[in-house]
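S.K.: data.pdb is reproduced in full below (PDB, C-alpha atoms and all ligand atoms).
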```
ATOM      1  CA  MET A 278       0.000   0.000   0.000
ATOM      2  CA  LYS A 279       1.433   3.382  -1.021
ATOM      3  CA  PRO A 280       1.733   5.900   1.847
ATOM      4  CA  VAL A 281      -0.195   9.184   1.815
ATOM      5  CA  ARG A 282       2.444  11.917   1.515
ATOM      6  CA  LYS A 283       0.563  14.733  -0.181
ATOM      7  CA  ALA A 284      -2.413  16.861   0.817
ATOM      8  CA  VAL A 285      -4.493  19.095  -1.435
ATOM      9  CA  PHE A 286      -6.122  22.232  -0.030
ATOM     10  CA  PRO A 287      -8.737  23.590  -2.447
ATOM     11  CA  VAL A 288      -9.058  27.304  -1.740
ATOM     12  CA  GLY A 289     -10.537  28.465  -5.028
ATOM     13  CA  GLY A 290     -14.135  28.994  -3.870
ATOM     14  CA  MET A 291     -15.799  32.426  -3.935
ATOM     15  CA  GLY A 292     -16.990  32.397  -0.300
ATOM     16  CA  THR A 293     -20.253  34.149  -1.185
ATOM     17  CA  ARG A 294     -21.826  33.337   2.199
ATOM     18  CA  PHE A 295     -19.254  35.601   3.843
ATOM     19  CA  LEU A 296     -19.611  38.640   1.604
ATOM     20  CA  PRO A 297     -18.708  41.429   1.982
ATOM     21  CA  ALA A 298     -15.878  40.134   4.240
ATOM     22  CA  THR A 299     -14.621  37.896   1.424
ATOM     23  CA  LYS A 300     -14.767  40.486  -1.359
ATOM     24  CA  SER A 301     -11.015  41.087  -1.290
ATOM     25  CA  MET A 302      -9.934  38.547   1.349
ATOM     26  CA  PRO A 303      -9.978  34.757   0.893
ATOM     27  CA  LYS A 304     -12.506  32.954   3.103
ATOM     28  CA  GLU A 305      -9.685  30.661   4.223
ATOM     29  CA  MET A 306      -7.899  33.643   5.790
ATOM     30  CA  LEU A 307     -10.790  34.375   8.171
ATOM     31  CA  PRO A 308      -9.363  33.983  11.680
ATOM     32  CA  VAL A 309     -10.672  31.688  14.368
ATOM     33  CA  VAL A 310      -9.384  33.573  17.429
ATOM     34  CA  ASP A 311      -5.994  34.628  16.002
ATOM     35  CA  LYS A 312      -5.185  32.008  13.369
ATOM     36  CA  PRO A 313      -6.551  31.840   9.827
ATOM     37  CA  LEU A 314      -8.642  28.799   8.957
ATOM     38  CA  ILE A 315      -6.079  27.627   6.417
ATOM     39  CA  GLN A 316      -3.366  27.497   9.084
ATOM     40  CA  TYR A 317      -5.425  25.131  11.249
ATOM     41  CA  ALA A 318      -5.865  22.828   8.248
ATOM     42  CA  VAL A 319      -2.171  22.891   7.314
ATOM     43  CA  GLU A 320      -1.171  22.235  10.938
ATOM     44  CA  GLU A 321      -3.569  19.278  11.062
ATOM     45  CA  ALA A 322      -2.012  17.820   7.902
ATOM     46  CA  ARG A 323       1.525  18.266   9.199
ATOM     47  CA  ALA A 324       0.625  16.724  12.560
ATOM     48  CA  ALA A 325      -0.758  13.737  10.640
ATOM     49  CA  GLY A 326       2.599  13.261   8.866
ATOM     50  CA  ILE A 327       1.850  14.884   5.476
ATOM     51  CA  GLU A 328       5.058  15.940   3.697
ATOM     52  CA  GLU A 329       3.814  17.909   0.684
ATOM     53  CA  ILE A 330       1.193  20.605   0.580
ATOM     54  CA  ILE A 331      -0.675  21.574  -2.581
ATOM     55  CA  PHE A 332      -2.902  24.637  -2.701
ATOM     56  CA  VAL A 333      -5.451  24.983  -5.479
ATOM     57  CA  THR A 334      -5.955  28.726  -5.434
ATOM     58  CA  GLY A 335      -7.753  31.280  -7.560
ATOM     59  CA  ARG A 336      -7.622  34.972  -8.335
ATOM     60  CA  GLY A 337      -7.520  37.162  -5.238
ATOM     61  CA  LYS A 338      -5.982  34.468  -3.043
ATOM     62  CA  THR A 339      -2.400  35.753  -2.818
ATOM     63  CA  ALA A 340      -2.847  36.465   0.912
ATOM     64  CA  ILE A 341      -2.647  32.684   1.420
ATOM     65  CA  GLU A 342       0.702  32.459  -0.395
ATOM     66  CA  ASN A 343       2.025  35.391   1.624
ATOM     67  CA  HIS A 344       0.883  33.786   4.866
ATOM     68  CA  PHE A 345       3.180  30.798   4.284
ATOM     69  CA  ASP A 346       6.192  32.913   3.289
ATOM     70  CA  HIS A 347       8.664  35.278   4.964
ATOM     71  CA  SER A 348       7.561  38.768   5.924
ATOM     72  CA  TYR A 349      11.033  40.238   6.400
ATOM     73  CA  GLU A 350       9.994  43.662   7.658
ATOM     74  CA  LEU A 351       7.697  42.148  10.275
ATOM     75  CA  GLU A 352      10.260  39.523  11.312
ATOM     76  CA  ASP A 353      12.944  42.203  11.660
ATOM     77  CA  MET A 354      10.680  44.391  13.799
ATOM     78  CA  LEU A 355       9.716  41.464  16.072
ATOM     79  CA  ALA A 356      13.399  40.496  16.470
ATOM     80  CA  ARG A 357      14.392  44.070  17.340
ATOM     81  CA  LYS A 358      11.629  44.216  19.959
ATOM     82  CA  ASN A 359      12.619  40.815  21.388
ATOM     83  CA  LYS A 360       9.167  39.364  20.671
ATOM     84  CA  THR A 361      10.731  35.956  20.271
ATOM     85  CA  GLU A 362       7.673  33.836  21.074
ATOM     86  CA  ILE A 363       5.511  35.186  18.252
ATOM     87  CA  LEU A 364       8.541  35.338  15.944
ATOM     88  CA  ASP A 365       9.196  31.619  16.538
ATOM     89  CA  GLU A 366       5.523  30.929  15.833
ATOM     90  CA  LEU A 367       5.754  32.777  12.509
ATOM     91  CA  MET A 368       8.953  30.934  11.564
ATOM     92  CA  ASP A 369       7.250  27.577  12.282
ATOM     93  CA  LEU A 370       4.711  28.469   9.599
ATOM     94  CA  LEU A 371       7.324  28.381   6.853
ATOM     95  CA  PRO A 372       7.278  25.152   4.872
ATOM     96  CA  ASN A 373      10.473  23.276   4.038
ATOM     97  CA  GLU A 374      11.906  24.239   0.656
ATOM     98  CA  GLY A 375       9.959  22.663  -2.184
ATOM     99  CA  SER A 376       7.314  21.087   0.064
ATOM    100  CA  ILE A 377       4.563  23.516  -0.942
ATOM    101  CA  SER A 378       3.058  23.999  -4.419
ATOM    102  CA  TYR A 379       0.388  26.252  -5.848
ATOM    103  CA  THR A 380      -1.797  25.738  -8.849
ATOM    104  CA  ARG A 381      -4.685  27.903 -10.004
ATOM    105  CA  GLN A 382      -8.257  26.962 -10.648
ATOM    106  CA  GLN A 383      -9.069  29.528 -13.312
ATOM    107  CA  GLU A 384     -12.837  29.228 -12.855
ATOM    108  CA  ALA A 385     -14.678  28.173  -9.699
ATOM    109  CA  LEU A 386     -16.490  25.244 -11.342
ATOM    110  CA  GLY A 387     -16.857  23.223  -8.163
ATOM    111  CA  LEU A 388     -14.858  21.176  -5.651
ATOM    112  CA  GLY A 389     -14.381  18.273  -8.093
ATOM    113  CA  HIS A 390     -12.891  20.657 -10.636
ATOM    114  CA  ALA A 391     -10.577  22.198  -8.008
ATOM    115  CA  ILE A 392      -9.217  18.745  -7.149
ATOM    116  CA  TYR A 393      -8.789  17.906 -10.831
ATOM    117  CA  CYS A 394      -6.536  20.982 -11.143
ATOM    118  CA  ALA A 395      -4.060  19.257  -8.761
ATOM    119  CA  LYS A 396      -3.810  16.107 -10.936
ATOM    120  CA  ASN A 397      -0.285  16.665 -12.271
ATOM    121  CA  ILE A 398       1.168  17.710  -8.925
ATOM    122  CA  VAL A 399      -0.385  14.750  -7.083
ATOM    123  CA  GLY A 400       0.684  12.218  -9.744
ATOM    124  CA  ASN A 401       0.013   8.534  -9.325
ATOM    125  CA  GLU A 402      -0.237   8.200  -5.549
ATOM    126  CA  PRO A 403      -2.933   8.351  -2.864
ATOM    127  CA  PHE A 404      -3.483  11.788  -1.390
ATOM    128  CA  ALA A 405      -5.466  13.647   1.252
ATOM    129  CA  ILE A 406      -7.848  16.560   0.777
ATOM    130  CA  LEU A 407      -8.611  19.052   3.539
ATOM    131  CA  LEU A 408     -11.257  21.765   3.235
ATOM    132  CA  ALA A 409     -10.106  24.559   5.509
ATOM    133  CA  ASP A 410     -13.636  25.756   6.172
ATOM    134  CA  ASP A 411     -14.340  22.508   8.028
ATOM    135  CA  LEU A 412     -12.430  23.066  11.251
ATOM    136  CA  VAL A 413     -12.119  20.000  13.468
ATOM    137  CA  ARG A 414     -11.433  20.266  17.169
ATOM    138  CA  ALA A 415     -10.013  16.908  18.222
ATOM    139  CA  LYS A 416      -7.478  15.449  20.646
ATOM    140  CA  ARG A 417      -5.974  13.430  17.804
ATOM    141  CA  PRO A 418      -5.918  15.225  14.432
ATOM    142  CA  CYS A 419      -8.857  14.098  12.293
ATOM    143  CA  LEU A 420      -6.599  13.295   9.327
ATOM    144  CA  ARG A 421      -4.348  11.178  11.585
ATOM    145  CA  GLN A 422      -7.412   9.188  12.716
ATOM    146  CA  MET A 423      -8.247   8.619   9.044
ATOM    147  CA  LEU A 424      -4.704   7.555   8.156
ATOM    148  CA  ASP A 425      -4.840   4.937  10.921
ATOM    149  CA  ILE A 426      -7.889   3.402   9.211
ATOM    150  CA  TYR A 427      -6.316   3.832   5.769
ATOM    151  CA  GLU A 428      -3.300   1.819   6.923
ATOM    152  CA  GLN A 429      -5.665  -1.073   7.749
ATOM    153  CA  LYS A 430      -8.155  -0.831   4.888
ATOM    154  CA  GLY A 431      -6.508   1.057   1.990
ATOM    155  CA  GLY A 432      -8.733   2.502  -0.750
ATOM    156  CA  ASN A 433     -10.731   5.661  -0.184
ATOM    157  CA  ILE A 434     -11.557   7.009   3.274
ATOM    158  CA  VAL A 435     -13.859   9.927   4.115
ATOM    159  CA  ALA A 436     -14.469  11.469   7.538
ATOM    160  CA  ILE A 437     -18.145  11.466   8.427
ATOM    161  CA  GLU A 438     -20.556  12.715  11.055
ATOM    162  CA  GLU A 439     -24.246  12.234  11.730
ATOM    163  CA  VAL A 440     -26.517  15.124  10.736
ATOM    164  CA  PRO A 441     -30.234  15.631  11.460
ATOM    165  CA  LYS A 442     -32.269  13.951   8.704
ATOM    166  CA  GLU A 443     -33.858  17.281   7.670
ATOM    167  CA  LYS A 444     -30.403  18.682   6.821
ATOM    168  CA  THR A 445     -29.202  16.021   4.373
ATOM    169  CA  SER A 446     -29.761  18.366   1.409
ATOM    170  CA  SER A 447     -26.696  20.382   2.483
ATOM    171  CA  TYR A 448     -24.244  17.466   2.436
ATOM    172  CA  GLY A 449     -22.746  14.493   0.617
ATOM    173  CA  ILE A 450     -24.508  11.471   2.183
ATOM    174  CA  LEU A 451     -23.391   7.815   2.470
ATOM    175  CA  ASP A 452     -25.326   4.703   1.554
ATOM    176  CA  VAL A 453     -24.144   2.210   4.175
ATOM    177  CA  ALA A 454     -23.224  -1.418   3.344
ATOM    178  CA  SER A 455     -22.156  -2.324   6.897
ATOM    179  CA  GLN A 456     -20.930  -0.737  10.106
ATOM    180  CA  ASN A 457     -18.196  -1.963  12.439
ATOM    181  CA  GLY A 458     -17.843   0.424  15.392
ATOM    182  CA  ASN A 459     -16.867   3.806  14.003
ATOM    183  CA  VAL A 460     -15.943   2.470  10.541
ATOM    184  CA  ILE A 461     -18.591   2.266   7.844
ATOM    185  CA  GLU A 462     -18.301   0.355   4.605
ATOM    186  CA  VAL A 463     -19.787   2.495   1.864
ATOM    187  CA  GLN A 464     -21.905   1.184  -1.015
ATOM    188  CA  GLY A 465     -23.233   4.456  -2.385
ATOM    189  CA  LEU A 466     -22.846   8.232  -2.217
ATOM    190  CA  VAL A 467     -25.369  10.969  -2.962
ATOM    191  CA  GLU A 468     -24.632  14.705  -3.118
ATOM    192  CA  LYS A 469     -27.172  16.879  -1.292
ATOM    193  CA  PRO A 470     -30.197  14.509  -1.321
ATOM    194  CA  ALA A 471     -33.619  15.689  -0.139
ATOM    195  CA  PRO A 472     -34.374  14.115   3.291
ATOM    196  CA  GLU A 473     -36.878  11.663   1.764
ATOM    197  CA  ASP A 474     -34.240  10.439  -0.739
ATOM    198  CA  ALA A 475     -31.291  10.317   1.694
ATOM    199  CA  PRO A 476     -29.989   6.740   2.183
ATOM    200  CA  SER A 477     -28.680   7.607   5.698
ATOM    201  CA  ASN A 478     -27.834  10.607   7.852
ATOM    202  CA  PHE A 479     -24.058  10.040   7.669
ATOM    203  CA  SER A 480     -22.589  13.109   6.007
ATOM    204  CA  ILE A 481     -19.112  13.570   4.550
ATOM    205  CA  ILE A 482     -17.063  16.375   6.076
ATOM    206  CA  GLY A 483     -14.155  18.123   4.371
ATOM    207  CA  ARG A 484     -11.522  15.419   4.935
ATOM    208  CA  TYR A 485     -10.759  12.750   2.317
ATOM    209  CA  ILE A 486      -8.077  10.189   1.487
ATOM    210  CA  LEU A 487      -8.413   9.217  -2.155
ATOM    211  CA  GLN A 488      -6.697   6.998  -4.670
ATOM    212  CA  PRO A 489      -5.366   8.734  -7.808
ATOM    213  CA  GLU A 490      -7.925   6.863  -9.956
ATOM    214  CA  VAL A 491     -10.361   9.615  -8.927
ATOM    215  CA  PHE A 492      -8.732  11.850 -11.560
ATOM    216  CA  THR A 493      -9.949   9.524 -14.337
ATOM    217  CA  PHE A 494     -13.522  10.244 -13.270
ATOM    218  CA  LEU A 495     -12.988  13.945 -12.572
ATOM    219  CA  GLU A 496     -11.593  14.258 -16.092
ATOM    220  CA  LYS A 497     -15.112  13.687 -17.466
ATOM    221  CA  LYS A 498     -16.072  17.041 -15.886
ATOM    222  CA  LYS A 499     -19.600  15.794 -15.277
ATOM    223  CA  ILE A 500     -21.886  18.558 -13.992
ATOM    224  CA  GLY A 501     -23.669  17.550 -10.782
ATOM    225  CA  ALA A 502     -25.734  19.074  -7.966
ATOM    226  CA  GLY A 503     -25.862  22.892  -8.018
ATOM    227  CA  GLY A 504     -24.464  22.985 -11.575
ATOM    228  CA  GLU A 505     -20.957  22.233 -10.209
ATOM    229  CA  ILE A 506     -18.401  19.496 -10.906
ATOM    230  CA  GLN A 507     -18.820  17.477  -7.722
ATOM    231  CA  LEU A 508     -16.113  15.420  -6.027
ATOM    232  CA  THR A 509     -18.822  13.177  -4.573
ATOM    233  CA  ASP A 510     -19.935  12.130  -8.076
ATOM    234  CA  ALA A 511     -16.383  11.086  -9.038
ATOM    235  CA  MET A 512     -15.996   9.172  -5.748
ATOM    236  CA  ALA A 513     -19.336   7.426  -6.367
ATOM    237  CA  GLU A 514     -18.017   6.155  -9.716
ATOM    238  CA  MET A 515     -15.107   4.481  -7.925
ATOM    239  CA  LEU A 516     -17.398   2.378  -5.712
ATOM    240  CA  GLY A 517     -17.132  -1.328  -6.351
ATOM    241  CA  THR A 518     -13.605  -1.059  -7.757
ATOM    242  CA  ILE A 519     -11.785   0.275  -4.691
ATOM    243  CA  PRO A 520     -12.529  -0.286  -0.964
ATOM    244  CA  PHE A 521     -14.430   2.711   0.386
ATOM    245  CA  HIS A 522     -14.910   3.507   4.079
ATOM    246  CA  GLY A 523     -16.314   6.307   6.191
ATOM    247  CA  LEU A 524     -14.824   7.065   9.608
ATOM    248  CA  LEU A 525     -16.977   8.524  12.374
ATOM    249  CA  PHE A 526     -14.071  10.591  13.670
ATOM    250  CA  GLU A 527     -13.600  11.564  17.308
ATOM    251  CA  GLY A 528     -13.926  15.297  17.769
ATOM    252  CA  GLU A 529     -16.160  18.180  16.826
ATOM    253  CA  ARG A 530     -16.435  19.734  13.392
ATOM    254  CA  PHE A 531     -17.317  23.377  12.851
ATOM    255  CA  ASP A 532     -18.646  24.434   9.457
ATOM    256  CA  CYS A 533     -16.774  27.719   9.206
ATOM    257  CA  GLY A 534     -18.099  28.329   5.688
ATOM    258  CA  ASP A 535     -21.348  29.152   7.486
ATOM    259  CA  LYS A 536     -21.625  32.246   9.700
ATOM    260  CA  THR A 537     -23.129  30.493  12.720
ATOM    261  CA  GLY A 538     -20.566  27.672  12.538
ATOM    262  CA  PHE A 539     -17.780  30.223  12.279
ATOM    263  CA  ILE A 540     -18.914  32.119  15.398
ATOM    264  CA  LEU A 541     -19.317  28.843  17.335
ATOM    265  CA  ALA A 542     -15.786  27.809  16.344
ATOM    266  CA  ASN A 543     -14.442  31.117  17.607
ATOM    267  CA  LEU A 544     -16.293  30.643  20.873
ATOM    268  CA  ALA A 545     -15.129  27.047  21.366
ATOM    269  CA  PHE A 546     -11.477  27.798  20.534
ATOM    270  CA  ALA A 547     -11.455  30.999  22.605
ATOM    271  CA  MET A 548     -12.834  29.141  25.645
ATOM    272  CA  GLU A 549      -9.776  26.876  25.506
ATOM    273  CA  ARG A 550      -7.534  29.890  25.916
ATOM    274  CA  GLY A 551      -6.549  30.837  29.441
ATOM    275  CA  ASP A 552      -6.215  34.519  28.490
ATOM    276  CA  MET A 553      -9.771  34.738  27.088
ATOM    277  CA  ARG A 554     -11.939  32.220  28.909
ATOM    278  CA  ASP A 555     -12.875  34.318  31.949
ATOM    279  CA  GLY A 556     -13.683  37.438  29.921
ATOM    280  CA  ILE A 557     -16.014  35.534  27.621
ATOM    281  CA  LYS A 558     -17.737  33.692  30.468
ATOM    282  CA  GLU A 559     -18.319  36.952  32.292
ATOM    283  CA  PHE A 560     -19.727  38.600  29.170
ATOM    284  CA  LEU A 561     -22.155  35.715  28.570
ATOM    285  CA  GLN A 562     -23.268  35.662  32.219
ATOM    286  CA  THR A 563     -23.877  39.401  32.429
ATOM    287  CA  ASN A 564     -25.599  39.808  29.049
ATOM    288  CA  LYS A 565     -28.489  37.356  29.432
ATOM    289  CA  ASP A 566     -30.700  39.820  27.513
ATOM    290  CA  LEU A 567     -28.857  38.739  24.361
ATOM    291  CA  PHE A 568     -30.399  35.265  24.527
TER
HETATM  292  P1  LIG B   1     -18.066  25.825  -0.726
HETATM  293  O1  LIG B   1     -19.150  24.937  -1.184
HETATM  294  O2  LIG B   1     -18.080  26.254   0.703
HETATM  295  O3  LIG B   1     -18.060  27.091  -1.697
HETATM  296  O4  LIG B   1     -16.697  25.117  -1.073
HETATM  297  P2  LIG B   1     -17.377  28.494  -1.537
HETATM  298  O5  LIG B   1     -17.374  29.164  -2.853
HETATM  299  O6  LIG B   1     -16.033  28.362  -0.878
HETATM  300  O7  LIG B   1     -18.314  29.295  -0.507
HETATM  301  P3  LIG B   1     -19.830  29.843  -0.660
HETATM  302  O8  LIG B   1     -20.728  28.637  -0.639
HETATM  303  O9  LIG B   1     -19.915  30.646  -1.936
HETATM  304  O10 LIG B   1     -19.988  30.708   0.558
HETATM  305  C1  LIG B   1     -16.146  24.090  -0.272
HETATM  306  C2  LIG B   1     -14.656  24.066  -0.479
HETATM  307  O11 LIG B   1     -14.314  23.847  -1.833
HETATM  308  C3  LIG B   1     -13.500  24.881  -2.337
HETATM  309  C4  LIG B   1     -13.733  26.064  -1.414
HETATM  310  O12 LIG B   1     -12.620  26.957  -1.409
HETATM  311  C5  LIG B   1     -13.967  25.384  -0.090
HETATM  312  O13 LIG B   1     -12.745  25.023   0.531
HETATM  313  N1  LIG B   1     -13.900  25.166  -3.730
HETATM  314  C6  LIG B   1     -15.220  25.211  -4.072
HETATM  315  C7  LIG B   1     -12.932  25.371  -4.692
HETATM  316  O14 LIG B   1     -11.706  25.336  -4.384
HETATM  317  N2  LIG B   1     -13.323  25.613  -5.957
HETATM  318  C8  LIG B   1     -14.631  25.674  -6.325
HETATM  319  O15 LIG B   1     -14.913  25.875  -7.533
HETATM  320  C9  LIG B   1     -15.599  25.466  -5.346
END
```
Would you write the structure of this file as C-alpha cells?
Ligand code: UTP

M.R.:
Amino acid sequence: MKPVRKAVFPVGGMGTRFLPATKSMPKEMLPVVDKPLIQYAVEEARAAGIEEIIFVTGRGKTAIENHFDHSYELEDMLARKNKTEILDELMDLLPNEGSISYTRQQEALGLGHAIYCAKNIVGNEPFAILLADDLVRAKRPCLRQMLDIYEQKGGNIVAIEEVPKEKTSSYGILDVASQNGNVIEVQGLVEKPAPEDAPSNFSIIGRYILQPEVFTFLEKKKIGAGGEIQLTDAMAEMLGTIPFHGLLFEGERFDCGDKTGFILANLAFAMERGDMRDGIKEFLQTNKDLF
C-alpha cells in the first residue's frame, strides 16, 4: 500500500456566504481567534505526517501564499523588539523548501474541478484533501485518525458525522453497506439529497483520502448538484472497484463556511484559551438579555 504523503487544499471557492468580508480577502484567511482557517488545516495535515502541501488557489488568493512565506519587515521588527515567542511561531509556519506547491483553478467550477486541477502535482499516488472551512477540534488530528484506518483498509476514506435527517440536502450522504464500530463500509454516495431520498444521515465532512484513480472520473467534468463538478460524483463512480470507508471521527467539526458555525468555532477555541476564557464567560453571564 502506497503511503499518503501529499495533501491538497482547495481554496478556489468564492466564499459568497461571507460577503462582503470575502470580497477582497480569501474565506480561508478568516481567523478563528488569532489564526486563519487555512493554518489550522495545514497544521492538522503536518501533525498527521503529510510531507507535501498543494494549494489549489484562484484569483484574489495571494494572501494565502504570503501567509506561508517570509515577511522580512515584520520579522525584523519582532526580532528588534525581542518578541521571540511570536517570531518563533511565525517561523514555524514556513514550509520546508519545495514542500509547498500552488496551482490555479481559473474558474470556480466546483470542488471536483478544483481537485482535478491538482492532478499533475499529485501524480500517481494516494493523497489527502482538507477543506479549511471545516475546522475539526479533536485530541488526535482528524486526518491522523483517518490515516490509521487507511493503513488497515486502503482505498478511499472519508471522515463522516451524523446530521439531522432534515439537513441532508446540504451534504454528501453515504449509503451504508455495513458498520463496524466507528468504521462504515460504503456502497453508495449521494450529493445533497432531499431528506426523503437520503440513504442515511451520515454526512461527509471536508476530509478525504483518495486513490489517484479519482482523476480519471474527474476528467469527465460531469456537472452535478448545483451545476458544479462534484467530487462526490467522481468518488461514487469508484465504488465497487476500490474499498471505500467512512470514519466517524472523534472530535467536533465546525462548518466555518457558514456564519453560525464560524462564530461557534471562535467561541469554542477561545474558551480553551486561558487569556480569554474568563472574559467571555463573564460577558455571557452578564448579558443574558442577548439570549
Ligand atoms: P463551498 O461549497 O463552501 O463554496 O466550497 P465556496 O465558494 O467556498 O463558498 P460559498 O458557498 O460561496 O460561501 C467548499 C470548499 O471547496 C473549495 C472552497 O474553497 C472550499 O474550501 N472550492 C469550491 C474550490 O476550491 N473551488 C470551487 O470551484 C468550489

S.K.: Give me the residues within 8 Å of Glu505 in chain A as a PyMOL selection string, counting all atoms listed in the file and dropping any in the same chain fewer than 3 places off.

M.R.: chain A and resi 386-389+500-502

S.K.: So the first atom is CA of Gly504 in chain A and the second is CA of Leu466 in chain A; what is the distance between them in Å, to one decimal place?

M.R.: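 Calculated distance between CA of Gly504 in chain A and CA of Leu466 in chain A is 17.5 Å.
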
S.K.: Please, which residues have at least one atom within 7 Å of an atom of ligand LIG 1 (chain B), using only C-alpha atoms and all ligand atoms, listed as a list in words?

M.R.: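 So the residues close to ligand LIG 1 (chain B) are Pro287, Val288, Gly289, Gly290, Met291, Gly292, Thr293, Arg294, Phe295, Val333, Thr334, Glu384, Ala385, Leu386, Gly387, Leu388, His390, Ala391, Leu408, Ala409, Asp410 and Gly534 of chain A.
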
S.K.: The PyMOL selection byres (((chain A and resi 311-319) around 9) and not hetatm) - which residues does that actually catch in the file I just gave you? List them as a ChimeraX atom specification.

M.R.: /A:284,286,288,304-310,320-324,330,341,344-345,370,407-413,533

S.K.: Just write the chosen residues, C-alpha atoms, as a PDB file, in the frame of the given file.

M.R.:
```
ATOM      1  CA  ALA A 284      -2.413  16.861   0.817  1.00  0.00           C
ATOM      2  CA  PHE A 286      -6.122  22.232  -0.030  1.00  0.00           C
ATOM      3  CA  VAL A 288      -9.058  27.304  -1.740  1.00  0.00           C
ATOM      4  CA  LYS A 304     -12.506  32.954   3.103  1.00  0.00           C
ATOM      5  CA  GLU A 305      -9.685  30.661   4.223  1.00  0.00           C
ATOM      6  CA  MET A 306      -7.899  33.643   5.790  1.00  0.00           C
ATOM      7  CA  LEU A 307     -10.790  34.375   8.171  1.00  0.00           C
ATOM      8  CA  PRO A 308      -9.363  33.983  11.680  1.00  0.00           C
ATOM      9  CA  VAL A 309     -10.672  31.688  14.368  1.00  0.00           C
ATOM     10  CA  VAL A 310      -9.384  33.573  17.429  1.00  0.00           C
ATOM     11  CA  GLU A 320      -1.171  22.235  10.938  1.00  0.00           C
ATOM     12  CA  GLU A 321      -3.569  19.278  11.062  1.00  0.00           C
ATOM     13  CA  ALA A 322      -2.012  17.820   7.902  1.00  0.00           C
ATOM     14  CA  ARG A 323       1.525  18.266   9.199  1.00  0.00           C
ATOM     15  CA  ALA A 324       0.625  16.724  12.560  1.00  0.00           C
ATOM     16  CA  ILE A 330       1.193  20.605   0.580  1.00  0.00           C
ATOM     17  CA  ILE A 341      -2.647  32.684   1.420  1.00  0.00           C
ATOM     18  CA  HIS A 344       0.883  33.786   4.866  1.00  0.00           C
ATOM     19  CA  PHE A 345       3.180  30.798   4.284  1.00  0.00           C
ATOM     20  CA  LEU A 370       4.711  28.469   9.599  1.00  0.00           C
ATOM     21  CA  LEU A 407      -8.611  19.052   3.539  1.00  0.00           C
ATOM     22  CA  LEU A 408     -11.257  21.765   3.235  1.00  0.00           C
ATOM     23  CA  ALA A 409     -10.106  24.559   5.509  1.00  0.00           C
ATOM     24  CA  ASP A 410     -13.636  25.756   6.172  1.00  0.00           C
ATOM     25  CA  ASP A 411     -14.340  22.508   8.028  1.00  0.00           C
ATOM     26  CA  LEU A 412     -12.430  23.066  11.251  1.00  0.00           C
ATOM     27  CA  VAL A 413     -12.119  20.000  13.468  1.00  0.00           C
ATOM     28  CA  CYS A 533     -16.774  27.719   9.206  1.00  0.00           C
TER      29      CYS A 533
END
```

S.K.: Quick one: apply the PyMOL selection byres (((chain A and resi 480) around 8) and not hetatm) to the file and drop the selected residues here as a list in words.

M.R.: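 Selection result, ordered by chain and number: Ile437, Glu438, Glu439, Val440, Thr445, Tyr448, Gly449, Ile450, Leu451, Asn478, Phe479, Ile481 and Ile482 of chain A.
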
S.K.: For CA of Leu495 in chain A and CA of Ala436 in chain A, determine how far apart the two atoms are, in Å to one decimal place.

M.R.: 20.3 Å

S.K.: Step by step, work through what the PyMOL selection byres (((chain A and resi 281) around 9) and not hetatm) selects in the shown file, and finish by giving those residues as a count of residues only.

M.R.: 14

S.K.: Using only C-alpha atoms, which residue out of A:Lys358, A:Lys396, A:Lys430, A:Arg336 lies closest to Phe492 in chain A?

M.R.: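 Looking at the shortest contact to Phe492 in chain A, the residue is A:Lys396.
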
S.K.: When distances are computed from all atoms listed in the file, which of A:Asp353, A:Asp474, A:Glu342, A:Glu527 shows the smallest separation from Arg421 in chain A?

M.R.: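 Smallest separation from Arg421 in chain A among the options: A:Glu527.
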
S.K.: Just give me the gap between CA of Glu529 in chain A and CA of Val467 in chain A in Å, one decimal is fine.

M.R.: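 CA of Val467 in chain A lies at a distance of 23.0 Å from CA of Glu529 in chain A.
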